[in-house]
>>> print(open('data_19.cif').read())   # mmCIF, C-alpha atoms
data_query
loop_
_atom_site.group_PDB
_atom_site.id
_atom_site.type_symbol
_atom_site.label_atom_id
_atom_site.label_comp_id
_atom_site.auth_asym_id
_atom_site.auth_seq_id
_atom_site.Cartn_x
_atom_site.Cartn_y
_atom_site.Cartn_z
ATOM 1 C CA MET A 1 -5.187 -61.963 -5.560
ATOM 2 C CA LYS A 2 -1.835 -61.294 -7.223
ATOM 3 C CA SER A 3 -3.419 -60.885 -10.662
ATOM 4 C CA ARG A 4 -5.865 -58.283 -9.267
ATOM 5 C CA LEU A 5 -2.973 -56.287 -7.782
ATOM 6 C CA ILE A 6 -1.168 -56.294 -11.124
ATOM 7 C CA LEU A 7 -4.351 -55.163 -12.879
ATOM 8 C CA ASN A 8 -4.814 -52.255 -10.425
ATOM 9 C CA LEU A 9 -1.210 -51.131 -10.896
ATOM 10 C CA ALA A 10 -1.616 -51.237 -14.678
ATOM 11 C CA LEU A 11 -4.766 -49.107 -14.449
ATOM 12 C CA LEU A 12 -2.973 -46.573 -12.249
ATOM 13 C CA ILE A 13 -0.123 -46.315 -14.775
ATOM 14 C CA VAL A 14 -2.593 -45.773 -17.631
ATOM 15 C CA ILE A 15 -4.407 -43.042 -15.650
ATOM 16 C CA ALA A 16 -1.095 -41.318 -14.849
ATOM 17 C CA VAL A 17 -0.049 -41.352 -18.508
ATOM 18 C CA LEU A 18 -3.401 -39.926 -19.642
ATOM 19 C CA ALA A 19 -3.214 -37.196 -16.996
ATOM 20 C CA ALA A 20 0.292 -36.231 -18.146
ATOM 21 C CA VAL A 21 -0.853 -36.087 -21.781
ATOM 22 C CA ALA A 22 -3.833 -33.899 -20.853
ATOM 23 C CA PHE A 23 -1.655 -31.560 -18.783
ATOM 24 C CA PHE A 24 1.365 -31.120 -21.047
ATOM 25 C CA GLU A 25 -0.532 -31.473 -24.374
ATOM 26 C CA PRO A 26 2.478 -32.655 -26.403
ATOM 27 C CA GLY A 27 2.533 -31.426 -29.967
ATOM 28 C CA LYS A 28 0.309 -28.436 -29.216
ATOM 29 C CA GLU A 29 2.013 -25.117 -29.875
ATOM 30 C CA LYS A 30 1.894 -22.561 -27.089
ATOM 31 C CA PRO A 31 0.045 -19.369 -27.992
ATOM 32 C CA GLU A 32 2.371 -16.626 -29.141
ATOM 33 C CA ILE A 33 2.632 -13.624 -26.823
ATOM 34 C CA THR A 34 2.934 -10.254 -28.495
ATOM 35 C CA PRO A 35 3.792 -7.489 -26.014
ATOM 36 C CA LEU A 36 2.355 -4.039 -26.583
ATOM 37 C CA ALA A 37 5.840 -2.562 -26.806
ATOM 38 C CA ALA A 38 9.420 -3.736 -26.421
ATOM 39 C CA ILE A 39 10.803 -1.754 -23.480
ATOM 40 C CA ASP A 40 14.164 -2.213 -21.810
ATOM 41 C CA GLU A 41 13.429 -1.252 -18.211
ATOM 42 C CA ASN A 42 17.115 -0.931 -17.323
ATOM 43 C CA ALA A 43 17.661 1.607 -20.110
ATOM 44 C CA LEU A 44 14.470 3.555 -19.327
ATOM 45 C CA THR A 45 15.122 7.024 -17.873
ATOM 46 C CA ALA A 46 11.842 8.976 -18.151
ATOM 47 C CA ILE A 47 8.122 8.215 -17.818
ATOM 48 C CA THR A 48 5.075 10.406 -18.340
ATOM 49 C CA LEU A 49 1.576 9.399 -17.254
ATOM 50 C CA GLN A 50 -1.234 11.630 -18.445
ATOM 51 C CA ASN A 51 -4.651 11.076 -16.845
ATOM 52 C CA LYS A 52 -6.490 13.834 -15.031
ATOM 53 C CA ASP A 53 -3.025 15.125 -14.110
ATOM 54 C CA ALA A 54 0.337 15.160 -15.845
ATOM 55 C CA ILE A 55 2.659 12.937 -13.807
ATOM 56 C CA THR A 56 6.327 12.585 -14.717
ATOM 57 C CA PHE A 57 9.064 10.343 -13.335
ATOM 58 C CA GLU A 58 12.840 10.391 -13.772
ATOM 59 C CA LYS A 59 15.380 7.777 -12.778
ATOM 60 C CA GLN A 60 18.072 9.174 -10.506
ATOM 61 C CA ASN A 61 20.844 7.064 -8.960
ATOM 62 C CA GLY A 62 18.969 3.896 -9.793
ATOM 63 C CA HIS A 63 15.690 5.011 -8.159
ATOM 64 C CA TRP A 64 12.567 6.628 -9.593
ATOM 65 C CA ARG A 65 11.481 10.093 -8.475
ATOM 66 C CA LEU A 66 8.368 12.107 -9.165
ATOM 67 C CA THR A 67 9.205 15.388 -10.877
ATOM 68 C CA LYS A 68 5.653 16.602 -11.682
ATOM 69 C CA PRO A 69 3.191 17.767 -10.402
ATOM 70 C CA PHE A 70 5.549 17.854 -7.388
ATOM 71 C CA TYR A 71 8.994 16.549 -6.520
ATOM 72 C CA ALA A 72 9.199 13.479 -4.249
ATOM 73 C CA PRO A 73 10.743 9.998 -4.000
ATOM 74 C CA ALA A 74 8.634 7.495 -5.940
ATOM 75 C CA ASN A 75 7.660 3.983 -4.964
ATOM 76 C CA ASP A 76 9.885 1.880 -7.242
ATOM 77 C CA ILE A 77 7.512 -1.098 -7.109
ATOM 78 C CA ARG A 78 4.518 0.974 -8.222
ATOM 79 C CA VAL A 79 6.553 2.522 -11.043
ATOM 80 C CA ARG A 80 7.708 -0.917 -12.217
ATOM 81 C CA GLN A 81 4.059 -2.021 -12.335
ATOM 82 C CA LEU A 82 3.397 0.962 -14.580
ATOM 83 C CA ILE A 83 6.287 0.021 -16.852
ATOM 84 C CA GLY A 84 5.027 -3.578 -16.903
ATOM 85 C CA ILE A 85 1.920 -2.498 -18.815
ATOM 86 C CA ALA A 86 4.089 -2.453 -21.945
ATOM 87 C CA GLU A 87 4.460 -6.234 -21.538
ATOM 88 C CA ALA A 88 0.686 -6.842 -21.713
ATOM 89 C CA ASN A 89 -0.217 -9.354 -24.423
ATOM 90 C CA SER A 90 -1.641 -7.727 -27.541
ATOM 91 C CA GLU A 91 -4.320 -10.233 -28.571
ATOM 92 C CA ALA A 92 -5.187 -8.471 -31.819
ATOM 93 C CA GLN A 93 -3.745 -5.672 -33.926
ATOM 94 C CA TYR A 94 -5.402 -3.542 -36.616
ATOM 95 C CA PRO A 95 -4.365 -0.475 -38.584
ATOM 96 C CA VAL A 96 -6.140 2.645 -37.333
ATOM 97 C CA SER A 97 -6.656 6.085 -38.899
ATOM 98 C CA ALA A 98 -7.483 9.433 -37.343
ATOM 99 C CA GLU A 99 -11.119 9.087 -38.525
ATOM 100 C CA ASP A 100 -11.506 5.838 -36.554
ATOM 101 C CA LEU A 101 -10.264 7.170 -33.223
ATOM 102 C CA PRO A 102 -13.604 8.506 -31.844
ATOM 103 C CA LYS A 103 -15.352 5.111 -31.965
ATOM 104 C CA PHE A 104 -12.545 3.629 -29.861
ATOM 105 C CA GLU A 105 -12.537 6.655 -27.489
ATOM 106 C CA LEU A 106 -8.994 7.356 -28.575
ATOM 107 C CA ASP A 107 -9.619 10.870 -29.850
ATOM 108 C CA LYS A 108 -9.679 11.837 -26.161
ATOM 109 C CA PRO A 109 -7.717 9.027 -24.471
ATOM 110 C CA LYS A 110 -8.602 8.057 -20.922
ATOM 111 C CA ALA A 111 -4.865 7.823 -20.191
ATOM 112 C CA THR A 112 -1.566 8.171 -22.039
ATOM 113 C CA LEU A 113 1.642 6.455 -20.998
ATOM 114 C CA ILE A 114 4.968 7.558 -22.474
ATOM 115 C CA LEU A 115 8.016 5.375 -21.800
ATOM 116 C CA ASP A 116 10.965 7.314 -23.181
ATOM 117 C CA ALA A 117 10.049 7.571 -26.900
ATOM 118 C CA THR A 118 7.171 5.026 -26.882
ATOM 119 C CA THR A 119 3.670 6.498 -26.554
ATOM 120 C CA MET A 120 0.670 4.328 -25.644
ATOM 121 C CA LYS A 121 -2.840 5.787 -25.656
ATOM 122 C CA PHE A 122 -5.618 3.956 -23.803
ATOM 123 C CA GLY A 123 -9.210 4.312 -24.952
ATOM 124 C CA GLY A 124 -12.462 2.490 -24.245
ATOM 125 C CA SER A 125 -13.178 -1.237 -24.017
ATOM 126 C CA ASP A 126 -14.521 -3.814 -26.429
ATOM 127 C CA PRO A 127 -18.176 -4.288 -25.287
ATOM 128 C CA ILE A 128 -18.090 -8.043 -25.949
ATOM 129 C CA ASN A 129 -14.800 -9.243 -24.474
ATOM 130 C CA MET A 130 -14.056 -6.095 -22.429
ATOM 131 C CA ARG A 131 -10.585 -5.790 -23.906
ATOM 132 C CA ARG A 132 -8.976 -2.362 -23.781
ATOM 133 C CA TYR A 133 -8.249 -0.421 -26.988
ATOM 134 C CA VAL A 134 -4.645 0.796 -27.059
ATOM 135 C CA GLN A 135 -3.123 2.934 -29.795
ATOM 136 C CA ILE A 136 0.588 2.839 -30.537
ATOM 137 C CA GLY A 137 1.457 4.818 -33.655
ATOM 138 C CA ASP A 138 -0.899 3.731 -36.448
ATOM 139 C CA THR A 139 -1.783 0.404 -34.829
ATOM 140 C CA LEU A 140 -4.790 -0.456 -32.668
ATOM 141 C CA HIS A 141 -4.174 -3.164 -30.068
ATOM 142 C CA LEU A 142 -6.677 -5.135 -27.996
ATOM 143 C CA VAL A 143 -5.456 -6.241 -24.556
ATOM 144 C CA ASN A 144 -7.014 -7.792 -21.469
ATOM 145 C CA ASP A 145 -7.668 -4.955 -19.034
ATOM 146 C CA ASP A 146 -6.131 -5.896 -15.689
ATOM 147 C CA PHE A 147 -3.879 -2.847 -15.307
ATOM 148 C CA PHE A 148 -6.081 0.201 -15.838
ATOM 149 C CA HIS A 149 -6.105 1.136 -12.125
ATOM 150 C CA HIS A 150 -2.383 1.946 -12.426
ATOM 151 C CA LEU A 151 -3.128 4.375 -15.247
ATOM 152 C CA THR A 152 -5.847 6.243 -13.337
ATOM 153 C CA ALA A 153 -3.910 6.523 -10.053
ATOM 154 C CA SER A 154 -3.091 9.962 -8.677
ATOM 155 C CA ALA A 155 0.438 11.299 -8.217
ATOM 156 C CA THR A 156 0.361 10.727 -4.438
ATOM 157 C CA ASP A 157 -0.366 7.025 -5.067
ATOM 158 C CA TYR A 158 3.123 6.787 -6.583
ATOM 159 C CA VAL A 159 4.922 8.493 -3.684
ATOM 160 C CA ASP A 160 7.245 6.306 -1.614
ATOM 161 C CA LYS A 161 5.488 5.956 1.758
ATOM 162 C CA LYS A 162 8.755 5.387 3.587
ATOM 163 C CA LEU A 163 9.549 8.405 5.780
ATOM 164 C CA LEU A 164 13.325 8.219 5.235
ATOM 165 C CA PRO A 165 15.355 7.029 2.226
ATOM 166 C CA GLU A 166 15.923 3.288 2.000
ATOM 167 C CA ASP A 167 19.662 3.540 2.648
ATOM 168 C CA ALA A 168 19.442 6.359 5.222
ATOM 169 C CA LYS A 169 22.179 6.502 7.875
ATOM 170 C CA ILE A 170 21.063 8.654 10.778
ATOM 171 C CA LYS A 171 23.778 10.601 12.590
ATOM 172 C CA GLU A 172 21.556 12.964 14.577
ATOM 173 C CA ILE A 173 17.905 12.897 15.552
ATOM 174 C CA PHE A 174 15.909 15.620 17.259
ATOM 175 C CA ILE A 175 12.372 14.990 18.507
ATOM 176 C CA PRO A 176 10.442 17.058 21.072
ATOM 177 C CA GLY A 177 12.134 16.469 24.419
ATOM 178 C CA LEU A 178 15.117 14.505 23.091
ATOM 179 C CA LYS A 179 18.259 15.016 21.030
ATOM 180 C CA ALA A 180 20.546 12.134 20.076
ATOM 181 C CA THR A 181 23.893 12.661 18.335
ATOM 182 C CA LEU A 182 26.272 10.012 17.011
ATOM 183 C CA GLY A 183 29.744 10.735 18.372
ATOM 184 C CA GLN A 184 33.018 10.162 16.560
ATOM 185 C CA ASP A 185 33.598 7.126 18.775
ATOM 186 C CA GLY A 186 30.423 5.516 17.416
ATOM 187 C CA LYS A 187 28.497 6.036 20.663
ATOM 188 C CA TRP A 188 25.254 8.005 20.941
ATOM 189 C CA ILE A 189 25.059 11.090 23.149
ATOM 190 C CA LEU A 190 21.550 11.697 24.511
ATOM 191 C CA GLU A 191 20.209 14.992 25.822
ATOM 192 C CA PRO A 192 18.757 14.531 28.380
ATOM 193 C CA PRO A 193 20.472 11.237 29.305
ATOM 194 C CA ALA A 194 18.326 8.141 28.925
ATOM 195 C CA GLU A 195 17.017 6.015 31.751
ATOM 196 C CA PRO A 196 18.868 2.728 32.375
ATOM 197 C CA ASN A 197 16.101 0.705 30.723
ATOM 198 C CA GLN A 198 15.934 2.879 27.585
ATOM 199 C CA SER A 199 17.877 2.390 24.329
ATOM 200 C CA ILE A 200 18.417 4.583 21.267
ATOM 201 C CA SER A 201 18.428 1.520 18.986
ATOM 202 C CA ASP A 202 14.638 1.107 19.101
ATOM 203 C CA LEU A 203 14.103 4.754 18.156
ATOM 204 C CA LEU A 204 16.574 4.543 15.252
ATOM 205 C CA ASN A 205 15.017 1.327 13.992
ATOM 206 C CA ALA A 206 11.552 2.878 14.198
ATOM 207 C CA TRP A 207 12.611 5.784 11.967
ATOM 208 C CA ASN A 208 14.554 3.608 9.523
ATOM 209 C CA THR A 209 11.553 1.327 8.955
ATOM 210 C CA ALA A 210 8.644 3.785 9.358
ATOM 211 C CA ARG A 211 6.066 3.788 6.560
ATOM 212 C CA ALA A 212 2.924 5.839 6.202
ATOM 213 C CA ILE A 213 -0.420 4.256 5.420
ATOM 214 C CA ASP A 214 -1.413 7.327 3.417
ATOM 215 C CA VAL A 215 0.261 10.330 1.790
ATOM 216 C CA LYS A 216 -1.510 13.567 0.885
ATOM 217 C CA ARG A 217 -0.580 16.915 -0.594
ATOM 218 C CA VAL A 218 -0.714 19.936 1.712
ATOM 219 C CA GLU A 219 -0.908 23.503 0.482
ATOM 220 C CA GLN A 220 -1.027 25.525 3.727
ATOM 221 C CA PRO A 221 2.201 26.333 5.630
ATOM 222 C CA ALA A 222 3.086 23.664 8.190
ATOM 223 C CA GLN A 223 3.000 24.459 11.913
ATOM 224 C CA GLY A 224 3.740 22.408 14.991
ATOM 225 C CA ASP A 225 6.595 20.778 16.874
ATOM 226 C CA VAL A 226 9.636 20.084 14.707
ATOM 227 C CA ILE A 227 11.390 16.775 14.111
ATOM 228 C CA ARG A 228 14.834 16.981 12.488
ATOM 229 C CA ILE A 229 16.723 13.945 11.183
ATOM 230 C CA THR A 230 20.316 14.552 10.062
ATOM 231 C CA LEU A 231 21.669 11.939 7.687
ATOM 232 C CA ALA A 232 25.225 10.990 6.825
ATOM 233 C CA GLU A 233 24.618 12.312 3.305
ATOM 234 C CA GLY A 234 22.332 15.089 2.098
ATOM 235 C CA ASN A 235 20.402 17.818 3.851
ATOM 236 C CA PRO A 236 18.557 17.223 7.138
ATOM 237 C CA VAL A 237 15.001 15.900 6.805
ATOM 238 C CA GLU A 238 12.427 17.923 8.736
ATOM 239 C CA PHE A 239 8.863 17.091 9.727
ATOM 240 C CA PHE A 240 6.217 19.094 11.545
ATOM 241 C CA ILE A 241 3.930 17.257 13.949
ATOM 242 C CA MET A 242 0.420 18.270 12.878
ATOM 243 C CA GLN A 243 -1.417 15.694 14.994
ATOM 244 C CA ARG A 244 -0.485 13.030 17.546
ATOM 245 C CA GLU A 245 -3.795 11.284 18.248
ATOM 246 C CA PRO A 246 -5.514 9.111 17.161
ATOM 247 C CA ASP A 247 -3.002 8.864 14.285
ATOM 248 C CA LEU A 248 0.298 10.655 13.856
ATOM 249 C CA LEU A 249 0.283 13.211 11.029
ATOM 250 C CA LEU A 250 3.694 14.444 9.915
ATOM 251 C CA VAL A 251 4.190 17.139 7.291
ATOM 252 C CA ARG A 252 7.398 17.373 5.323
ATOM 253 C CA PRO A 253 7.417 21.016 4.196
ATOM 254 C CA ASP A 254 10.151 20.705 1.557
ATOM 255 C CA LEU A 255 7.975 18.194 -0.349
ATOM 256 C CA GLY A 256 4.572 19.615 0.626
ATOM 257 C CA LEU A 257 3.451 16.150 1.719
ATOM 258 C CA GLN A 258 1.599 14.840 4.761
ATOM 259 C CA TYR A 259 2.339 11.327 6.040
ATOM 260 C CA GLU A 260 -0.113 9.402 8.215
ATOM 261 C CA VAL A 261 1.407 6.836 10.601
ATOM 262 C CA THR A 262 -0.737 4.658 12.854
ATOM 263 C CA GLY A 263 -0.462 2.234 15.752
ATOM 264 C CA ASN A 264 2.539 1.527 17.956
ATOM 265 C CA ALA A 265 4.886 2.561 15.125
ATOM 266 C CA ALA A 266 3.617 6.133 15.454
ATOM 267 C CA LYS A 267 4.228 6.212 19.210
ATOM 268 C CA GLN A 268 7.699 4.744 18.858
ATOM 269 C CA LEU A 269 8.786 7.595 16.550
ATOM 270 C CA LEU A 270 8.361 10.157 19.323
ATOM 271 C CA SER A 271 9.905 8.496 22.360
ATOM 272 C CA LEU A 272 12.631 6.211 23.626
ATOM 273 C CA GLN A 273 9.977 4.485 25.690
ATOM 274 C CA LYS A 274 8.464 1.419 24.057
ATOM 275 C CA PRO A 275 4.684 1.756 23.671
ATOM 276 C CA GLU A 276 2.703 -0.410 26.061
ATOM 277 C CA LEU A 277 0.754 -3.170 24.379
ATOM 278 C CA LYS A 278 -2.827 -3.387 25.603
ATOM 279 C CA PRO A 279 -3.727 -6.897 26.784
ATOM 280 C CA GLU A 280 -6.322 -8.578 24.663
ATOM 281 C CA GLU A 281 -9.741 -9.057 26.192
ATOM 282 C CA PRO A 282 -10.474 -12.727 26.942
ATOM 283 C CA LYS A 283 -12.623 -14.262 24.272
ATOM 284 C CA LEU A 284 -15.828 -16.022 25.285
ATOM 285 C CA SER A 285 -16.414 -19.595 24.289
ATOM 286 C CA PRO A 286 -19.307 -20.203 21.845
ATOM 287 C CA ALA A 287 -21.465 -21.462 24.713
ATOM 288 C CA GLU A 288 -20.721 -18.410 26.901
ATOM 289 C CA ASP A 289 -21.308 -16.113 23.933
ATOM 290 C CA GLU A 290 -24.744 -17.636 23.328
ATOM 291 C CA GLU A 291 -25.651 -17.245 27.010
ATOM 292 C CA THR A 292 -24.643 -13.584 26.894
ATOM 293 C CA GLU A 293 -26.797 -12.987 23.812
ATOM 294 C CA GLU A 294 -29.805 -14.785 25.333
ATOM 295 C CA GLU A 295 -29.690 -12.594 28.422
ATOM 296 C CA SER A 296 -31.125 -9.318 27.217
ATOM 297 C CA PRO A 297 -30.375 -5.972 28.878
ATOM 298 C CA ALA A 298 -33.967 -5.829 30.079
ATOM 299 C CA ASP A 299 -33.599 -9.204 31.815
ATOM 300 C CA ALA A 300 -30.402 -8.053 33.469
ATOM 301 C CA GLU A 301 -32.115 -4.927 34.785
ATOM 302 C CA GLU A 302 -34.967 -6.964 36.194
ATOM 303 C CA GLN A 303 -32.499 -9.192 38.022
ATOM 304 C CA GLN A 304 -30.744 -6.188 39.512
ATOM 305 C CA GLU A 305 -33.915 -4.331 40.613
ATOM 306 C CA PRO A 306 -34.874 -4.955 44.261
ATOM 307 C CA ALA A 307 -38.327 -6.355 44.949
ATOM 308 C CA GLU A 308 -40.943 -3.683 45.521
ATOM 309 C CA SER A 309 -41.681 -3.114 49.179
ATOM 310 C CA ALA A 310 -45.220 -3.523 50.402
ATOM 311 C CA GLU A 311 -47.361 -0.472 50.935
ATOM 312 C CA PRO A 312 -47.395 0.890 54.476
ATOM 313 C CA GLY A 313 -49.950 -0.967 56.529
ATOM 314 C CA GLU A 314 -50.249 -3.934 54.149
ATOM 315 C CA GLU A 315 -47.731 -6.047 56.035
ATOM 316 C CA GLY A 316 -49.605 -5.504 59.290
ATOM 317 C CA GLU A 317 -52.934 -6.363 57.664
ATOM 318 C CA GLU A 318 -51.553 -9.606 56.246
ATOM 319 C CA ALA A 319 -50.212 -10.537 59.662
ATOM 320 C CA ALA A 320 -53.598 -9.803 61.227
ATOM 321 C CA ASP A 321 -55.273 -12.031 58.661
#
>>> encode(input="data_19.cif", output="structure tokens")
Amino acid sequence: MKSRLILNLALLIVIAVLAAVAFFEPGKEKPEITPLAAIDENALTAITLQNKDAITFEKQNGHWRLTKPFYAPANDIRVRQLIGIAEANSEAQYPVSAEDLPKFELDKPKATLILDATTMKFGGSDPINMRRYVQIGDTLHLVNDDFFHHLTASATDYVDKKLLPEDAKIKEIFIPGLKATLGQDGKWILEPPAEPNQSISDLLNAWNTARAIDVKRVEQPAQGDVIRITLAEGNPVEFFIMQREPDLLLVRPDLGLQYEVTGNAAKQLLSLQKPELKPEEPKLSPAEDEETEEESPADAEEQQEPAESAEPGEEGEEAAD
């Protein structure tokens, strides 16, 4: 019995050693990674993305901003994903001449990304391995294409969907029917005064955390009720309420952008009152659900219909019989 236990332990040790060898592959050199371009993100100050539009970004006070085709705060995470394309592994490199560009669809690139002084042109794909052709200077690179959706995105896809700046400090807020001002003593003055069960903190938190699910460009002049948010620094931020239901549509005229906010977050932006949560409908058990499905609407109607009354005279005739 003891010898069998020792044998089993020895087999387990052998299996563990073989598994470790297979996993770590000692002695095998790791494949070399050659990035498309060496870019220092911290030193980067300007980006241009050319697809169907010309989109430009500039870094200001540590944050990225769209400067063309319109001016707006940019989503820093989305911009960093764009910069990260330069780190894609170049699996093969070949010299390329101007005469070769058409066969790689680089004579008319599908997208061009310029990171400061580095220009990357993106053409078609290798029909066998589906690797993207990328031209940098006189070199053709082949890279796995898992980033192309960033290059074909529109300018509004790069807009920061947060309604107020990340570090915004609200000192006055005006919404239809309410004005709240931060006094010098640090207390909020409400006009009209709030009910005992209402608090300004929920409204402030709603605005500081509000994000749109979608952002669109608007060309026509904005109309509607005005919302004005005064911040500790900078000019007041104004929105026009274009729609309240079913979703809240807010237009910021200085940027020419429309923000769509949904759900309870939208309701909380316009009132001190917390939105009421609708109770969930009770869920049927699988057995009850099957019974409901088996009972067709026609069957239900038949059960509800009263029995047909006998024709006049028939009841008397039956009794006589």
>>> residues_around(input="data_19.cif", residues="range 214-223 of chain A", least_positions_apart="4", cutoff="12 Å", atoms="only C-alpha atoms", output="VMD selection string")
chain A and resid 69 to 75 154 to 163 227 238 to 243 247 to 262
>>> write_last_selection(input="data_19.cif", atoms="C-alpha atoms", output="mmCIF file, in the frame of the given file")
data_model
loop_
_atom_site.group_PDB
_atom_site.id
_atom_site.type_symbol
_atom_site.label_atom_id
_atom_site.label_comp_id
_atom_site.auth_asym_id
_atom_site.auth_seq_id
_atom_site.Cartn_x
_atom_site.Cartn_y
_atom_site.Cartn_z
ATOM 1 C CA PRO A 69 3.191 17.767 -10.402
ATOM 2 C CA PHE A 70 5.549 17.854 -7.388
ATOM 3 C CA TYR A 71 8.994 16.549 -6.520
ATOM 4 C CA ALA A 72 9.199 13.479 -4.249
ATOM 5 C CA PRO A 73 10.743 9.998 -4.000
ATOM 6 C CA ALA A 74 8.634 7.495 -5.940
ATOM 7 C CA ASN A 75 7.660 3.983 -4.964
ATOM 8 C CA SER A 154 -3.091 9.962 -8.677
ATOM 9 C CA ALA A 155 0.438 11.299 -8.217
ATOM 10 C CA THR A 156 0.361 10.727 -4.438
ATOM 11 C CA ASP A 157 -0.366 7.025 -5.067
ATOM 12 C CA TYR A 158 3.123 6.787 -6.583
ATOM 13 C CA VAL A 159 4.922 8.493 -3.684
ATOM 14 C CA ASP A 160 7.245 6.306 -1.614
ATOM 15 C CA LYS A 161 5.488 5.956 1.758
ATOM 16 C CA LYS A 162 8.755 5.387 3.587
ATOM 17 C CA LEU A 163 9.549 8.405 5.780
ATOM 18 C CA ILE A 227 11.390 16.775 14.111
ATOM 19 C CA GLU A 238 12.427 17.923 8.736
ATOM 20 C CA PHE A 239 8.863 17.091 9.727
ATOM 21 C CA PHE A 240 6.217 19.094 11.545
ATOM 22 C CA ILE A 241 3.930 17.257 13.949
ATOM 23 C CA MET A 242 0.420 18.270 12.878
ATOM 24 C CA GLN A 243 -1.417 15.694 14.994
ATOM 25 C CA ASP A 247 -3.002 8.864 14.285
ATOM 26 C CA LEU A 248 0.298 10.655 13.856
ATOM 27 C CA LEU A 249 0.283 13.211 11.029
ATOM 28 C CA LEU A 250 3.694 14.444 9.915
ATOM 29 C CA VAL A 251 4.190 17.139 7.291
ATOM 30 C CA ARG A 252 7.398 17.373 5.323
ATOM 31 C CA PRO A 253 7.417 21.016 4.196
ATOM 32 C CA ASP A 254 10.151 20.705 1.557
ATOM 33 C CA LEU A 255 7.975 18.194 -0.349
ATOM 34 C CA GLY A 256 4.572 19.615 0.626
ATOM 35 C CA LEU A 257 3.451 16.150 1.719
ATOM 36 C CA GLN A 258 1.599 14.840 4.761
ATOM 37 C CA TYR A 259 2.339 11.327 6.040
ATOM 38 C CA GLU A 260 -0.113 9.402 8.215
ATOM 39 C CA VAL A 261 1.407 6.836 10.601
ATOM 40 C CA THR A 262 -0.737 4.658 12.854
#
>>> residues_around(input="data_19.cif", residues="Lys179 in chain A", least_positions_apart="4", cutoff="7 Å", atoms="only C-alpha atoms", output="PyMOL selection string")
chain A and resi 173-175+190-191
>>> residues_around(input="data_19.cif", residues="range 83-90 of chain A", least_positions_apart="6", cutoff="6 Å", atoms="only C-alpha atoms", output="list of chain:residue names")
A:Ile33, A:Thr34, A:Pro35, A:Leu36, A:Ala37, A:His141, A:Leu142, A:Val143
>>> atom_distance(input="data_19.cif", atom1="CA of Ile114 in chain A", atom2="CA of Thr48 in chain A")
5.0 Å
>>> residues_near_point(input="data_19.cif", point="(13.8, 11.5, 6.1)", cutoff="7 Å", atoms="all atoms listed in the file", output="list in words")
Leu163, Leu164, Pro165, Ile229 and Val237 of chain A
>>> atom_distance(input="data_19.cif", atom1="CA of Val96 in chain A", atom2="CA of Leu49 in chain A")
22.5 Å
>>> atom_distance(input="data_19.cif", atom1="CA of Ala38 in chain A", atom2="CA of Leu82 in chain A")
14.1 Å
>>> closest_residue(input="data_19.cif", among="A:Ser199, A:Thr152, A:Thr209, A:Asn235", to="Leu272 in chain A", atoms="all atoms listed in the file")
A:Ser199
>>> resolve_selection(input="data_19.cif", expression="the PyMOL selection byres ((chain A and resi 172) around 7)", output="VMD selection string")
chain A and resid 170 to 171 173 to 174 180 to 182 229 to 231
>>> residues_around(input="data_19.cif", residues="Lys68 in chain A", least_positions_apart="6", cutoff="7 Å", atoms="all atoms listed in the file", output="PyMOL selection string")
chain A and resi 54-56
>>> residues_around(input="data_19.cif", residues="Pro109 in chain A", least_positions_apart="6", cutoff="8 Å", atoms="only C-alpha atoms", output="compact mmCIF listing (two decimals) with C-alpha atoms, in the frame of the given file")
# COMPACT_ATOMS: atom_id res chain seq x y z
CA LYS A 121 -2.84 5.79 -25.66
CA PHE A 122 -5.62 3.96 -23.80
CA GLY A 123 -9.21 4.31 -24.95
>>> resolve_selection(input="data_19.cif", expression="the PyMOL selection byres ((chain A and resi 151) around 8)", output="PyMOL selection string")
chain A and resi 49+51+82+111-113+147-150+152-153
>>> axis_aligned_box(input="data_19.cif", around="range 257-276 of chain A", padding_each_side="3 Å", output="AutoDock Vina command-line options")
--center_x 5.9 --center_y 7.9 --center_z 13.9 --size_x 19.4 --size_y 22.6 --size_z 30.3
>>> closest_residue(input="data_19.cif", among="A:Ala117, A:Gln93, A:Ile6, A:Lys108", to="Lys52 in chain A", atoms="only C-alpha atoms")
A:Lys108
>>> closest_residue(input="data_19.cif", among="A:His63, A:Lys267, A:Lys187, A:Arg244", to="Asp202 in chain A", atoms="all atoms listed in the file")
A:Lys267
